[in-house]
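**Student:** Next comes coords-v9.cif, mmCIF, N, CA and C atoms:
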data_entry
loop_
_atom_site.group_PDB
_atom_site.id
_atom_site.type_symbol
_atom_site.label_atom_id
_atom_site.label_comp_id
_atom_site.auth_asym_id
_atom_site.auth_seq_id
_atom_site.Cartn_x
_atom_site.Cartn_y
_atom_site.Cartn_z
ATOM 1 N N MET A 1 0.842 -1.173 0.000
ATOM 2 C CA MET A 1 0.000 0.000 0.000
ATOM 3 C C MET A 1 0.891 1.241 0.000
ATOM 4 N N THR A 2 0.655 2.146 -0.908
ATOM 5 C CA THR A 2 1.479 3.345 -1.004
ATOM 6 C C THR A 2 0.824 4.504 -0.270
ATOM 7 N N THR A 3 1.667 5.397 0.205
ATOM 8 C CA THR A 3 1.191 6.594 0.887
ATOM 9 C C THR A 3 0.766 7.609 -0.165
ATOM 10 N N PRO A 4 -0.404 8.234 0.016
ATOM 11 C CA PRO A 4 -0.815 9.250 -0.964
ATOM 12 C C PRO A 4 0.141 10.440 -0.942
ATOM 13 N N LEU A 5 0.341 11.028 -2.106
ATOM 14 C CA LEU A 5 1.216 12.185 -2.207
ATOM 15 C C LEU A 5 0.560 13.402 -1.565
ATOM 16 N N ARG A 6 1.381 14.168 -0.863
ATOM 17 C CA ARG A 6 0.881 15.398 -0.255
ATOM 18 C C ARG A 6 0.925 16.528 -1.269
ATOM 19 N N ASP A 7 0.201 17.585 -0.976
ATOM 20 C CA ASP A 7 0.209 18.778 -1.812
ATOM 21 C C ASP A 7 1.640 19.315 -1.861
ATOM 22 N N PRO A 8 2.197 19.528 -3.052
ATOM 23 C CA PRO A 8 3.577 20.024 -3.151
ATOM 24 C C PRO A 8 3.817 21.319 -2.387
ATOM 25 N N ARG A 9 2.821 22.169 -2.285
ATOM 26 C CA ARG A 9 2.998 23.428 -1.533
ATOM 27 C C ARG A 9 3.278 23.150 -0.068
ATOM 28 N N GLU A 10 2.625 22.138 0.475
ATOM 29 C CA GLU A 10 2.852 21.748 1.869
ATOM 30 C C GLU A 10 4.272 21.215 2.050
ATOM 31 N N VAL A 11 4.717 20.391 1.119
ATOM 32 C CA VAL A 11 6.063 19.816 1.180
ATOM 33 C C VAL A 11 7.111 20.921 1.082
ATOM 34 N N ILE A 12 6.922 21.848 0.162
ATOM 35 C CA ILE A 12 7.884 22.940 -0.035
ATOM 36 C C ILE A 12 7.974 23.818 1.207
ATOM 37 N N ARG A 13 6.843 24.068 1.864
ATOM 38 C CA ARG A 13 6.858 24.885 3.089
ATOM 39 C C ARG A 13 7.714 24.263 4.180
ATOM 40 N N GLU A 14 7.875 22.943 4.163
ATOM 41 C CA GLU A 14 8.661 22.256 5.193
ATOM 42 C C GLU A 14 10.166 22.297 4.944
ATOM 43 N N GLU A 15 10.580 22.802 3.797
ATOM 44 C CA GLU A 15 12.007 22.758 3.457
ATOM 45 C C GLU A 15 12.909 23.305 4.552
ATOM 46 N N PRO A 16 12.652 24.500 5.101
ATOM 47 C CA PRO A 16 13.574 25.005 6.137
ATOM 48 C C PRO A 16 13.697 24.065 7.345
ATOM 49 N N LEU A 17 12.632 23.339 7.654
ATOM 50 C CA LEU A 17 12.674 22.407 8.775
ATOM 51 C C LEU A 17 13.491 21.159 8.461
ATOM 52 N N MET A 18 13.676 20.883 7.182
ATOM 53 C CA MET A 18 14.368 19.670 6.771
ATOM 54 C C MET A 18 15.856 19.872 6.523
ATOM 55 N N HIS A 19 16.332 21.099 6.594
ATOM 56 C CA HIS A 19 17.761 21.347 6.373
ATOM 57 C C HIS A 19 18.624 20.534 7.340
ATOM 58 N N ALA A 20 18.345 20.636 8.624
ATOM 59 C CA ALA A 20 19.188 19.955 9.622
ATOM 60 C C ALA A 20 19.192 18.437 9.433
ATOM 61 N N PRO A 21 18.022 17.785 9.284
ATOM 62 C CA PRO A 21 18.067 16.327 9.099
ATOM 63 C C PRO A 21 18.807 15.901 7.822
ATOM 64 N N ILE A 22 18.631 16.658 6.748
ATOM 65 C CA ILE A 22 19.299 16.293 5.495
ATOM 66 C C ILE A 22 20.800 16.518 5.615
ATOM 67 N N LEU A 23 21.202 17.641 6.196
ATOM 68 C CA LEU A 23 22.639 17.890 6.374
ATOM 69 C C LEU A 23 23.269 16.848 7.293
ATOM 70 N N ALA A 24 22.538 16.417 8.313
ATOM 71 C CA ALA A 24 23.045 15.358 9.197
ATOM 72 C C ALA A 24 23.198 14.047 8.420
ATOM 73 N N ALA A 25 22.251 13.769 7.538
ATOM 74 C CA ALA A 25 22.302 12.531 6.760
ATOM 75 C C ALA A 25 23.527 12.484 5.852
ATOM 76 N N VAL A 26 23.897 13.611 5.275
ATOM 77 C CA VAL A 26 25.048 13.625 4.351
ATOM 78 C C VAL A 26 26.362 13.967 5.047
ATOM 79 N N SER A 27 26.334 14.087 6.364
ATOM 80 C CA SER A 27 27.554 14.469 7.082
ATOM 81 C C SER A 27 28.653 13.411 6.988
ATOM 82 N N ASP A 28 28.277 12.158 6.780
ATOM 83 C CA ASP A 28 29.272 11.083 6.669
ATOM 84 C C ASP A 28 29.728 10.863 5.238
ATOM 85 N N GLY A 29 29.144 11.582 4.297
ATOM 86 C CA GLY A 29 29.524 11.434 2.898
ATOM 87 C C GLY A 29 28.332 11.621 1.988
ATOM 88 N N PRO A 30 28.589 11.784 0.704
ATOM 89 C CA PRO A 30 27.519 12.023 -0.261
ATOM 90 C C PRO A 30 26.502 10.886 -0.304
ATOM 91 N N LEU A 31 25.243 11.257 -0.518
ATOM 92 C CA LEU A 31 24.157 10.284 -0.629
ATOM 93 C C LEU A 31 23.253 10.657 -1.795
ATOM 94 N N THR A 32 22.615 9.655 -2.368
ATOM 95 C CA THR A 32 21.599 9.888 -3.386
ATOM 96 C C THR A 32 20.286 10.280 -2.696
ATOM 97 N N ILE A 33 19.352 10.793 -3.472
ATOM 98 C CA ILE A 33 18.056 11.160 -2.899
ATOM 99 C C ILE A 33 17.359 9.954 -2.266
ATOM 100 N N PRO A 34 17.323 8.772 -2.911
ATOM 101 C CA PRO A 34 16.709 7.627 -2.229
ATOM 102 C C PRO A 34 17.399 7.273 -0.908
ATOM 103 N N ALA A 35 18.717 7.398 -0.855
ATOM 104 C CA ALA A 35 19.442 7.102 0.386
ATOM 105 C C ALA A 35 19.148 8.140 1.458
ATOM 106 N N ILE A 36 19.056 9.410 1.073
ATOM 107 C CA ILE A 36 18.688 10.458 2.039
ATOM 108 C C ILE A 36 17.290 10.179 2.571
ATOM 109 N N ALA A 37 16.368 9.839 1.677
ATOM 110 C CA ALA A 37 14.986 9.546 2.079
ATOM 111 C C ALA A 37 14.951 8.413 3.098
ATOM 112 N N ASP A 38 15.732 7.357 2.858
ATOM 113 C CA ASP A 38 15.790 6.235 3.809
ATOM 114 C C ASP A 38 16.329 6.690 5.162
ATOM 115 N N ARG A 39 17.375 7.505 5.140
ATOM 116 C CA ARG A 39 17.998 7.957 6.394
ATOM 117 C C ARG A 39 17.072 8.846 7.224
ATOM 118 N N ILE A 40 16.304 9.726 6.557
ATOM 119 C CA ILE A 40 15.478 10.666 7.327
ATOM 120 C C ILE A 40 14.030 10.198 7.473
ATOM 121 N N GLY A 41 13.689 9.094 6.817
ATOM 122 C CA GLY A 41 12.356 8.517 6.993
ATOM 123 C C GLY A 41 11.227 9.270 6.308
ATOM 124 N N HIS A 42 11.532 9.850 5.150
ATOM 125 C CA HIS A 42 10.515 10.560 4.369
ATOM 126 C C HIS A 42 10.522 10.013 2.950
ATOM 127 N N PRO A 43 9.403 10.150 2.244
ATOM 128 C CA PRO A 43 9.358 9.652 0.860
ATOM 129 C C PRO A 43 10.332 10.401 -0.052
ATOM 130 N N ALA A 44 10.931 9.672 -0.967
ATOM 131 C CA ALA A 44 11.885 10.275 -1.907
ATOM 132 C C ALA A 44 11.229 11.390 -2.715
ATOM 133 N N ALA A 45 9.926 11.264 -3.005
ATOM 134 C CA ALA A 45 9.221 12.299 -3.768
ATOM 135 C C ALA A 45 9.230 13.635 -3.034
ATOM 136 N N GLU A 46 9.237 13.621 -1.724
ATOM 137 C CA GLU A 46 9.309 14.852 -0.930
ATOM 138 C C GLU A 46 10.748 15.319 -0.793
ATOM 139 N N VAL A 47 11.652 14.380 -0.614
ATOM 140 C CA VAL A 47 13.064 14.714 -0.436
ATOM 141 C C VAL A 47 13.602 15.429 -1.674
ATOM 142 N N VAL A 48 13.096 15.100 -2.844
ATOM 143 C CA VAL A 48 13.519 15.773 -4.072
ATOM 144 C C VAL A 48 13.309 17.280 -3.948
ATOM 145 N N TYR A 49 12.148 17.695 -3.482
ATOM 146 C CA TYR A 49 11.860 19.125 -3.327
ATOM 147 C C TYR A 49 12.862 19.785 -2.386
ATOM 148 N N TRP A 50 13.102 19.144 -1.252
ATOM 149 C CA TRP A 50 13.983 19.733 -0.236
ATOM 150 C C TRP A 50 15.425 19.797 -0.718
ATOM 151 N N VAL A 51 15.902 18.728 -1.325
ATOM 152 C CA VAL A 51 17.280 18.705 -1.813
ATOM 153 C C VAL A 51 17.473 19.743 -2.920
ATOM 154 N N MET A 52 16.516 19.848 -3.828
ATOM 155 C CA MET A 52 16.653 20.829 -4.914
ATOM 156 C C MET A 52 16.644 22.257 -4.362
ATOM 157 N N GLY A 53 15.844 22.523 -3.344
ATOM 158 C CA GLY A 53 15.859 23.840 -2.707
ATOM 159 C C GLY A 53 17.191 24.117 -2.039
ATOM 160 N N MET A 54 17.707 23.133 -1.333
ATOM 161 C CA MET A 54 18.987 23.293 -0.651
ATOM 162 C C MET A 54 20.122 23.457 -1.663
ATOM 163 N N ARG A 55 20.007 22.784 -2.789
ATOM 164 C CA ARG A 55 20.991 22.929 -3.860
ATOM 165 C C ARG A 55 20.930 24.333 -4.450
ATOM 166 N N ARG A 56 19.728 24.808 -4.649
ATOM 167 C CA ARG A 56 19.553 26.154 -5.212
ATOM 168 C C ARG A 56 20.198 27.223 -4.336
ATOM 169 N N TYR A 57 20.097 27.046 -3.028
ATOM 170 C CA TYR A 57 20.648 28.041 -2.100
ATOM 171 C C TYR A 57 22.073 27.739 -1.666
ATOM 172 N N GLY A 58 22.696 26.755 -2.299
ATOM 173 C CA GLY A 58 24.105 26.487 -2.059
ATOM 174 C C GLY A 58 24.432 25.678 -0.823
ATOM 175 N N LEU A 59 23.432 25.059 -0.203
ATOM 176 C CA LEU A 59 23.682 24.249 0.989
ATOM 177 C C LEU A 59 24.158 22.844 0.632
ATOM 178 N N LEU A 60 23.716 22.353 -0.516
ATOM 179 C CA LEU A 60 24.128 21.054 -1.024
ATOM 180 C C LEU A 60 24.688 21.231 -2.427
ATOM 181 N N ALA A 61 25.572 20.344 -2.805
ATOM 182 C CA ALA A 61 26.105 20.330 -4.166
ATOM 183 C C ALA A 61 25.991 18.910 -4.705
ATOM 184 N N GLU A 62 25.805 18.830 -5.992
ATOM 185 C CA GLU A 62 25.655 17.555 -6.683
ATOM 186 C C GLU A 62 27.023 17.055 -7.126
ATOM 187 N N ASP A 63 27.293 15.785 -6.888
ATOM 188 C CA ASP A 63 28.525 15.195 -7.407
ATOM 189 C C ASP A 63 28.411 15.098 -8.931
ATOM 190 N N PRO A 64 29.514 15.214 -9.650
ATOM 191 C CA PRO A 64 29.450 15.303 -11.109
ATOM 192 C C PRO A 64 29.015 14.029 -11.838
ATOM 193 N N GLU A 65 29.167 12.881 -11.237
ATOM 194 C CA GLU A 65 28.851 11.624 -11.923
ATOM 195 C C GLU A 65 27.693 10.904 -11.242
ATOM 196 N N ALA A 66 26.791 10.367 -12.038
ATOM 197 C CA ALA A 66 25.676 9.568 -11.515
ATOM 198 C C ALA A 66 26.163 8.159 -11.188
ATOM 199 N N ASP A 67 25.438 7.481 -10.300
ATOM 200 C CA ASP A 67 25.778 6.093 -10.005
ATOM 201 C C ASP A 67 25.245 5.189 -11.121
ATOM 202 N N ASP A 68 25.392 3.896 -10.966
ATOM 203 C CA ASP A 68 24.979 2.944 -12.005
ATOM 204 C C ASP A 68 23.473 2.974 -12.267
ATOM 205 N N ASP A 69 22.703 3.430 -11.291
ATOM 206 C CA ASP A 69 21.251 3.515 -11.452
ATOM 207 C C ASP A 69 20.809 4.877 -11.980
ATOM 208 N N GLY A 70 21.759 5.784 -12.219
ATOM 209 C CA GLY A 70 21.432 7.097 -12.756
ATOM 210 C C GLY A 70 21.153 8.159 -11.710
ATOM 211 N N PHE A 71 21.403 7.842 -10.439
ATOM 212 C CA PHE A 71 21.168 8.801 -9.368
ATOM 213 C C PHE A 71 22.448 9.579 -9.070
ATOM 214 N N PHE A 72 22.305 10.871 -8.862
ATOM 215 C CA PHE A 72 23.418 11.701 -8.444
ATOM 216 C C PHE A 72 23.473 11.724 -6.921
ATOM 217 N N SER A 73 24.656 11.883 -6.382
ATOM 218 C CA SER A 73 24.836 12.019 -4.941
ATOM 219 C C SER A 73 24.976 13.490 -4.604
ATOM 220 N N TYR A 74 24.604 13.825 -3.394
ATOM 221 C CA TYR A 74 24.653 15.207 -2.909
ATOM 222 C C TYR A 74 25.471 15.250 -1.632
ATOM 223 N N HIS A 75 26.233 16.328 -1.484
ATOM 224 C CA HIS A 75 27.044 16.527 -0.289
ATOM 225 C C HIS A 75 26.863 17.959 0.213
ATOM 226 N N ALA A 76 27.134 18.136 1.503
ATOM 227 C CA ALA A 76 27.034 19.469 2.108
ATOM 228 C C ALA A 76 28.169 20.338 1.609
ATOM 229 N N THR A 77 27.885 21.615 1.397
ATOM 230 C CA THR A 77 28.908 22.541 0.938
ATOM 231 C C THR A 77 29.605 23.248 2.091
ATOM 232 N N GLY A 78 29.016 23.174 3.278
ATOM 233 C CA GLY A 78 29.563 23.884 4.428
ATOM 234 C C GLY A 78 28.998 25.280 4.577
ATOM 235 N N LYS A 79 28.206 25.713 3.612
ATOM 236 C CA LYS A 79 27.556 27.017 3.677
ATOM 237 C C LYS A 79 26.418 26.972 4.686
ATOM 238 N N GLU A 80 26.287 28.010 5.469
ATOM 239 C CA GLU A 80 25.211 28.103 6.451
ATOM 240 C C GLU A 80 23.955 28.669 5.813
ATOM 241 N N ALA A 81 22.820 28.228 6.312
ATOM 242 C CA ALA A 81 21.524 28.726 5.805
ATOM 243 C C ALA A 81 21.283 30.163 6.175
#
Mind turning this structure into structure tokens?
**Tutor:**
Amino acid sequence: MTTPLRDPREVIREEPLMHAPILAAVSDGPLTIPAIADRIGHPAAEVVYWVMGMRRYGLLAEDPEADDDGFFSYHATGKEA
């Protein structure tokens, strides 16, 4: 049974609250969005919004090469929010 998708506006509003958990998840090294989702216990569909926002504001950076499944890894840049 799958969880119904939430309204994207609701998910986007939560982005500032998700900075700390996502940064903690990648503190040991770069992770893909599915791996971040597993670590923080949220659906990957929501984590995409948060990671892309954090990337836009320079908190996360994308590694240049995708893994074998086509997923890019993200790491903290050290920039403060």
**Student:** When you look at Gly53 in chain A with a cut-off of 10 Å (counting only C-alpha atoms), what residues show up, excluding the ones that are within fewer than 5 positions of it in the same chain? I need them as a ChimeraX atom specification.
**Tutor:** /A:12,15-16,19,47-48,58-60
**Student:** How many Å lie between atom N of Asp67 in chain A and atom C of Lys79 in chain A, rounded to one decimal?
**Tutor:**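 Separation between atom N of Asp67 in chain A and atom C of Lys79 in chain A: 24.6 Å.
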**Student:** Have a look at CA of Asp63 in chain A and CA of Pro30 in chain A and let me know their distance in Å, one decimal.
**Tutor:** 7.9 Å
**Student:** Taking into account all atoms listed in the file, which residue in the set A:Ala66, A:Ala35, A:Val11, A:Ala24 is nearest to Trp50 in chain A?
**Tutor:**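 Among the listed residues, the smallest separation from Trp50 in chain A belongs to A:Val11.
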**Student:** How would you write, as a list in words, the set of residues in chain A that DSSP gives as strand (DSSP E)?
**Tutor:** Leu31, Thr32, Leu60, Ala61, Glu62, Ser73, Tyr74, His75 and Ala76 of chain A
**Student:** Please tell me which residues are no farther than 6 Å from (22.8, 16.4, -4.2) in the file, counting all atoms listed in the file, and write them as a list in words.
**Tutor:**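 Here the neighbourhood of the point contains Leu60, Ala61, Glu62, Asp63, Phe72, Ser73, Tyr74 and His75 of chain A.
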**Student:** Once DSSP has gone over the backbone, tell me which residues of chain A are in helix (DSSP H, G or I), as JSON, numbers by chain.
**Tutor:** {"A": [8, 9, 10, 11, 12, 13, 15, 16, 17, 18, 19, 20, 21, 22, 23, 24, 25, 26, 27, 28, 33, 34, 35, 36, 37, 38, 39, 40, 44, 45, 46, 47, 48, 49, 50, 51, 52, 53, 54, 55, 56]}
**Student:** Atom C of Glu80 in chain A and CA of Tyr57 in chain A, how far apart in Å?
**Tutor:**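 According to the coordinates, CA of Tyr57 in chain A and atom C of Glu80 in chain A are separated by 8.6 Å.
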**Student:** For Ile40 in chain A, which residue among A:Glu14, A:Gly78, A:Pro4, A:Ala25 is the nearest when counting all atoms listed in the file?
**Tutor:** A:Ala25
**Student:** Between A:Glu10, A:Leu5, A:His42, A:Thr77, single out the one closest to Ser27 in chain A, counting only C-alpha atoms.
**Tutor:**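 Nearest to Ser27 in chain A: A:Thr77.
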**Student:** Taking only N, CA and C atoms into account, which of A:Arg6, A:Leu17, A:Phe71, A:Leu23 comes nearest Glu46 in chain A?
**Tutor:**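 Checking each of A:Arg6, A:Leu17, A:Phe71, A:Leu23 against Glu46 in chain A, counting only N, CA and C atoms, the winner is A:Arg6.
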**Student:** For each of A:Pro8, A:Ala20, A:Val26, A:Ile33, take the minimum atom-to-atom distance to Ala76 in chain A, counting all atoms listed in the file, then give the residue where this is smallest.
**Tutor:**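 Looking at the shortest contact to Ala76 in chain A, the residue is A:Val26.
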